[in-house]
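Notes to accompany the following structure.
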Amino acid sequence: MTNVHITEDFIRMVENCLTKSIDFLPRIGIALLIFLIFWIIGNLTQKIFFKFDGRLDAGKSHVLKLVGSTIKILILIVGCITALGTIGINVNALIAGLGLSGFAVGFALKDALSNILSGALIMIYQPFRCGDTINVSGCSGKVAEINLRYTILEGENRNYLIPNSSLFTNNIEVMKK
C-alpha cells in the first residue's frame with residue numbers, strides 16, 4: 001500500500017514540475033530575446049567605435065577600441081541583468097554584489113587603472129609623440145612607443161619603461177627637433 005502512495009506522489013510531483021516548466025518557458029523565451037537584442041546593440045556600438053578607428057591617428061585608435069569594447073561589455077551586463085529580472089530572479093542582490101565587487105576590484109587595481117586612463121589621455125591630448133625626445137623624472141630618451149600602460153623611451157644604451165600615470169602627473173620636458 002505504501003508503494004502505491006509513493007508512486008502517486010511521484011506522479012503528482014512530476015506533473016507539477018512539468019506544469020511549472022511549461023508555464024516558465026515563455027519567460028525564458030522572452031529573456032533570451034531581450035539578451036539577444038542587447039547583444040546586437042552591443043555589437044553595433046562596438047562596430048561604430050571601430051569604424052571611427054580608421055579615421056583617427058594611430059595613437060587615438062587604441063583609445064576608441066578600448067572604449068568600444070568597454071561599452072559593449074557594459075551593454076551585455078545590463079542585458080544579462082534585464083534578462084534575469086524578466087525570468088523572475090531577484091536581481092537586487094546581484095546588482096549590489098556587482099557594485100561591491102566593482103569597488104573592490106577598482107581599489108585593488110587602482111594603479112593599473114590609473115596607468116590605463118593616463119595612457120588614454122596621453123594618446124588623446126598628445127603632449128608628445130613617437131620619435132620626440134623627452135625628459136621626465138630623470139629619464140631622457142626618444143619616445144619609441146606609447147601604449148595604454150607604459151611609454152617606452154630609448155636612451156643611451158638603455159630603454160626606460162615609464163608608467164603613464166607618472167608621465168601624466170610629473171613635468172615633461174619635450175626637446176625641440
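Letters for chains follow the order of the C-alpha cells (A, B, ...), residue numbers begin at 1 for each chain, and ligand numbers begin at 1 in the order shown.
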Any idea what's packed within 12 Å of stretch 122-129 of chain A, counting only C-alpha atoms, ignoring anything in its chain fewer than 4 positions away? Could you give it as a PDB file with C-alpha atoms, in the first residue's frame?
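Produced file around29.pdb, reproduced below:
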ATOM      1  CA  LEU A  56      41.849  58.922 -36.386  1.00  0.00           C
ATOM      2  CA  ASP A  57      45.565  58.998 -35.719  1.00  0.00           C
ATOM      3  CA  ALA A  58      47.214  55.707 -34.826  1.00  0.00           C
ATOM      4  CA  GLY A  59      47.695  56.901 -31.243  1.00  0.00           C
ATOM      5  CA  LYS A  60      43.999  57.556 -30.690  1.00  0.00           C
ATOM      6  CA  SER A  61      42.776  54.328 -32.298  1.00  0.00           C
ATOM      7  CA  HIS A  62      43.708  52.290 -29.205  1.00  0.00           C
ATOM      8  CA  VAL A  63      41.519  54.533 -27.094  1.00  0.00           C
ATOM      9  CA  LEU A  64      38.497  54.058 -29.368  1.00  0.00           C
ATOM     10  CA  SER A 114      45.401  54.909 -13.349  1.00  0.00           C
ATOM     11  CA  ASN A 115      48.047  53.937 -15.912  1.00  0.00           C
ATOM     12  CA  ILE A 116      45.420  52.909 -18.462  1.00  0.00           C
ATOM     13  CA  LEU A 117      43.395  56.100 -18.032  1.00  0.00           C
ATOM     14  CA  SER A 118      46.567  58.202 -18.159  1.00  0.00           C
ATOM     15  CA  THR A 133      62.886  63.265 -27.337  1.00  0.00           C
ATOM     16  CA  ILE A 134      61.603  63.870 -23.812  1.00  0.00           C
ATOM     17  CA  ASN A 135      62.942  64.134 -20.293  1.00  0.00           C
ATOM     18  CA  VAL A 136      60.775  63.034 -17.369  1.00  0.00           C
ATOM     19  CA  LYS A 142      63.483  59.172 -27.652  1.00  0.00           C
ATOM     20  CA  VAL A 143      59.846  58.020 -27.399  1.00  0.00           C
ATOM     21  CA  ALA A 144      59.762  54.583 -29.045  1.00  0.00           C
ATOM     22  CA  GLU A 145      56.199  53.540 -28.167  1.00  0.00           C
ATOM     23  CA  ILE A 146      53.158  54.821 -26.302  1.00  0.00           C
ATOM     24  CA  ASN A 147      50.713  52.162 -25.162  1.00  0.00           C
ATOM     25  CA  LEU A 148      47.951  52.147 -22.587  1.00  0.00           C
ATOM     26  CA  ARG A 149      50.186  51.147 -19.682  1.00  0.00           C
ATOM     27  CA  TYR A 150      53.734  52.350 -20.396  1.00  0.00           C
ATOM     28  CA  THR A 151      55.628  54.767 -22.565  1.00  0.00           C
ATOM     29  CA  ILE A 152      58.911  53.322 -23.762  1.00  0.00           C
ATOM     30  CA  LEU A 153      61.898  55.673 -24.036  1.00  0.00           C
ATOM     31  CA  PRO A 163      54.277  54.260 -16.295  1.00  0.00           C
ATOM     32  CA  ASN A 164      51.775  56.584 -17.937  1.00  0.00           C
ATOM     33  CA  SER A 165      50.449  57.804 -14.595  1.00  0.00           C
ATOM     34  CA  SER A 166      53.947  59.117 -13.854  1.00  0.00           C
ATOM     35  CA  LEU A 167      54.028  60.906 -17.212  1.00  0.00           C
ATOM     36  CA  PHE A 168      50.628  62.397 -16.555  1.00  0.00           C
ATOM     37  CA  THR A 169      51.483  63.748 -13.104  1.00  0.00           C
ATOM     38  CA  ASN A 171      56.696  67.586 -15.527  1.00  0.00           C
ATOM     39  CA  ILE A 172      57.694  66.524 -19.022  1.00  0.00           C
ATOM     40  CA  GLU A 173      60.399  68.296 -20.961  1.00  0.00           C
ATOM     41  CA  VAL A 174      59.943  67.856 -24.715  1.00  0.00           C
ATOM     42  CA  MET A 175      63.144  68.615 -26.652  1.00  0.00           C
ATOM     43  CA  LYS A 176      62.772  70.603 -29.851  1.00  0.00           C
ATOM     44  CA  LYS A 177      63.822  68.869 -33.022  1.00  0.00           C
TER      45      LYS A 177
END
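For the choices A:Ile87, A:Ile6, A:Ile81, A:Leu74, the atom-to-atom distance to A:Ile28 is smallest for A:Ile87 when using only C-alpha atoms.
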Sel. of helix (DSSP H, G or I) residues, chain A, as number ranges by chain:
A: 2-53, 58-87, 92-108, 110-125, 164-169
DSSP says strand (DSSP E or B) for which residues of chain A? Put them as a count of residues only?
28
Env of A:Phe35: 8 Å cut, atoms = only C-alpha atoms, seq-sep filter 4 positions within chain, self excluded. Answer as a CSV table (one decimal) with C-alpha atoms, in the first residue's frame.
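Below you can see part.csv, which holds the result:
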chain,number,residue,atom,x,y,z
A,31,ALA,CA,14.6,36.6,-21.6
A,39,TRP,CA,23.9,41.6,-27.7
A,76,LEU,CA,25.9,42.9,-22.3
A,79,GLY,CA,21.2,42.9,-20.9
A,80,CYS,CA,22.0,39.9,-18.8
A,82,THR,CA,17.5,42.6,-17.5
A,83,ALA,CA,17.0,39.1,-18.9
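From atom CA of A:Val105 back to atom CA of A:Asn92, the distance works out to 19.8 Å.
Atom CA of A:Ala112 sits 22.7 Å away from atom CA of A:Glu154.
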